[in-house]
Amino acid sequence: MVNDAATSRPSPKQAIVVIHGMGEQRPLDMLRAGANAAIPPRQDGPRLISRPDKVTDGYDARRYLARASSQHLQTEVYEYHWAHLMTGNKVSDVVPLVKRVMLRLPWQLPGKLFPIWLILWVIVAVALLLAYLTWDTAESRDINGILTAVGASGVLIFLVSQGVNVVANLLSSHFVDVVRYTDAAPRNQRVRDRIRRGAVRLLEGLNDSGRYDRIIVVAHSLGTFIAYDAIAYLWARKNKMHAWLDDPPNDALRRLEEVGNALVAGTATVEQFQEAQREAWCERRRNGMPWLITDFVCLGSPLAHSHILFAKNEAELLERQQRLEAPRCPPIADYFDRAASPWRLAGWHDGDQYSYTAGRKSAEGSWQSARVLYHAAPFALVRWTAIHLPMDPFANPLAPNFGPGIRDLEAKGQKLQNVPVMAHTAYFKHDDDPPDGSPVALFRDAVDLAAGNWLRCSQEAPEFDPTTA
């Protein structure tokens, strides 16, 4: 391990976990794309070195090592590959989503979904028109018209069947993944649980390995749903894990809650909130909390359509968030005024917002206490950045659905990134020197692999005592 000569401490190390999106993805494809996008090229050797992955149990799994340089700390990149778990897809699985989209009024849809809604209804209208014309010709008993209609119908049936095959293959290999993961129907439960369990296991294994001082989660497309769930489930396991110090410092946590209130009220910026999140994460680490995930970076995320994909409408999504089932950024306070605006935190309940005081008696009988962030507050500490391309129909800003603490960034497209639909799979396409504002340039800024002196707090954190969990 390389040491910092000035302090004789081991140099900090960080890990990136990349999670791929929908479709028949191959192992290592997303790993290579994400690692090459995150790590700039270097002159003194290879950009990345492939090593065995000792955390997951997949034979195809690898991790990529980027040695420390002037541009970044030592960084290791992992991939969570889940495509092989999404088995048994059928075209009929996409029907619930098609119905949810078609049965909405056009002004109830996000703007980018309107063309899809229009295409679906045009298909229905054309089919009804052809059926009417064929029936009308048959009623007139015009033999020539009937033969023409039958011939045209035969050609039409052939063309439609070929189109259906293409569409069916596309749906079953891509969009069914989205529907099956977001739809809690009994047939999908086993698949959903296996995918989530694998993601949580990987993040927890890295978090508890003792190898890293910081973890960044990066996800594309449907992978952002999986990453969101994994962070939420892992947080619920670890939010009470502290070193149980008597009267530990909580100044940064109080500051975070104040800035969170101001952000929701419109008097603070998302940049100020993310700065407060980083300070609070450092304070929690110094207090002994073994939580290493600092950043969640989304690219092309359909989470923007959550009110359609895993809720019936905006009201149901809000209800789930108010029940603390779907974490927001900033978190909804553990106590809040339901009569007020649903996004506005209602002030402090005995000083409590994202946290509460938990305590126990030591073996000597003295009372020990710690400030504990509650179970639905992962995004009190995890900074959330979402990057989207204007021509990506499946991605929009996330803040309207998940809170103003999300840093939404609209990227400037290059080449395929400016082509409708194709933009969705082109986020990581880049030159070695990506221009300012491009998806990769914004991505590198968001992951912040240079990680300055603030990461010392994680290196200096006390050893976690498992008896305090």
# chains A, B, ... in the order shown; residues from 1 in each chain; ligands from 1

call {"tool": "residues_around", "arguments": {"residues": "Gly58 (chain A)", "least_positions_apart": "5", "cutoff": "12 Å", "atoms": "only C-alpha atoms", "output": "list in words"}}
result
Pro27, Leu28, Pro52, Asp53, Arg63, Tyr78, Glu79, Tyr80, His81, Trp82, His84, Gly198 and Leu202 of chain A

call {"tool": "residues_around", "arguments": {"residues": "Phe273 (chain A)", "least_positions_apart": "5", "cutoff": "7 Å", "atoms": "only C-alpha atoms", "output": "number ranges by chain"}}
result
A: 259-260, 405

call {"tool": "write_last_selection", "arguments": {"atoms": "C-alpha atoms", "output": "PDB file, in the first residue's frame"}}
result
ATOM      1  CA  VAL A 259     -29.799  23.647   5.100  1.00  0.00           C
ATOM      2  CA  GLY A 260     -32.304  20.926   4.150  1.00  0.00           C
ATOM      3  CA  GLY A 405     -31.526  17.902  -2.972  1.00  0.00           C
TER       4      GLY A 405
END

call {"tool": "closest_atom_pairs", "arguments": {"of": "region 203-251 of chain A", "to": "region 374-391 of chain A", "cutoff": "10 Å", "atoms": "only C-alpha atoms", "output": "CSV"}}
result
residue,atom,partner,partner_atom,distance
A:Ile216,CA,A:Val382,CA,9.2
A:Val217,CA,A:Trp384,CA,9.7
A:Val218,CA,A:Thr385,CA,9.7
A:Ala219,CA,A:Ala386,CA,9.7
A:His220,CA,A:Ile387,CA,9.7
A:Thr224,CA,A:Ala386,CA,9.7
A:Tyr228,CA,A:Pro378,CA,9.9
A:Ile231,CA,A:Pro378,CA,7.2
A:Ala232,CA,A:Pro378,CA,6.3
A:Tyr233,CA,A:His375,CA,9.0
A:Leu234,CA,A:Pro378,CA,9.0
A:Trp235,CA,A:Pro378,CA,5.9
A:Ala236,CA,A:His375,CA,4.9
A:Arg237,CA,A:His375,CA,8.1
A:Lys238,CA,A:His375,CA,8.6
A:Asn239,CA,A:His375,CA,6.2
A:Lys240,CA,A:Tyr374,CA,7.8

call {"tool": "atom_distance", "arguments": {"atom1": "CA of Ser11 (chain A)", "atom2": "CA of Val440 (chain A)"}}
result
26.2 Å

call {"tool": "closest_residue", "arguments": {"among": "A:Val372, A:Val17, A:Leu398, A:Ala461", "to": "Val55 (chain A)", "atoms": "only C-alpha atoms"}}
result
A:Val17

call {"tool": "closest_residue", "arguments": {"among": "A:Phe225, A:Tyr212, A:Phe464, A:Phe443", "to": "Leu309 (chain A)", "atoms": "only C-alpha atoms"}}
result
A:Phe225

call {"tool": "select_by_dssp", "arguments": {"residues": "region 189-229 of chain A", "states": "helix (DSSP H, G or I)", "output": "ChimeraX atom specification"}}
result
/A:189-207,223-229

call {"tool": "closest_residue", "arguments": {"among": "A:Asn207, A:Asn396, A:Gln189, A:Asn36", "to": "Tyr64 (chain A)", "atoms": "only C-alpha atoms"}}
result
A:Asn36

call {"tool": "closest_residue", "arguments": {"among": "A:Arg51, A:Lys412, A:Arg407, A:Arg285", "to": "Pro435 (chain A)", "atoms": "only C-alpha atoms"}}
result
A:Lys412

call {"tool": "residues_around", "arguments": {"residues": "Leu256 (chain A)", "least_positions_apart": "3", "cutoff": "10 Å", "atoms": "only C-alpha atoms", "output": "list in words"}}
result
Asn250, Asp251, Ala252, Leu253, Val259, Gly260, Asn261, Ala262, Gln272, Phe273, Gln274, Glu275, Ala276, Gln277, Arg278, Glu279, Ala280, Trp281, Pro330, Tyr354, Ala380 and Leu381 of chain A

call {"tool": "atom_distance", "arguments": {"atom1": "CA of Ala399 (chain A)", "atom2": "CA of Ala426 (chain A)"}}
result
22.7 Å

call {"tool": "closest_residue", "arguments": {"among": "A:Asp29, A:Val178, A:Asp432, A:Asn453", "to": "Arg42 (chain A)", "atoms": "only C-alpha atoms"}}
result
A:Asp432

call {"tool": "closest_residue", "arguments": {"among": "A:Ile406, A:Leu263, A:Ala304, A:Val421", "to": "Pro393 (chain A)", "atoms": "only C-alpha atoms"}}
result
A:Val421

call {"tool": "atom_distance", "arguments": {"atom1": "CA of Pro400 (chain A)", "atom2": "CA of Asp177 (chain A)"}}
result
24.4 Å
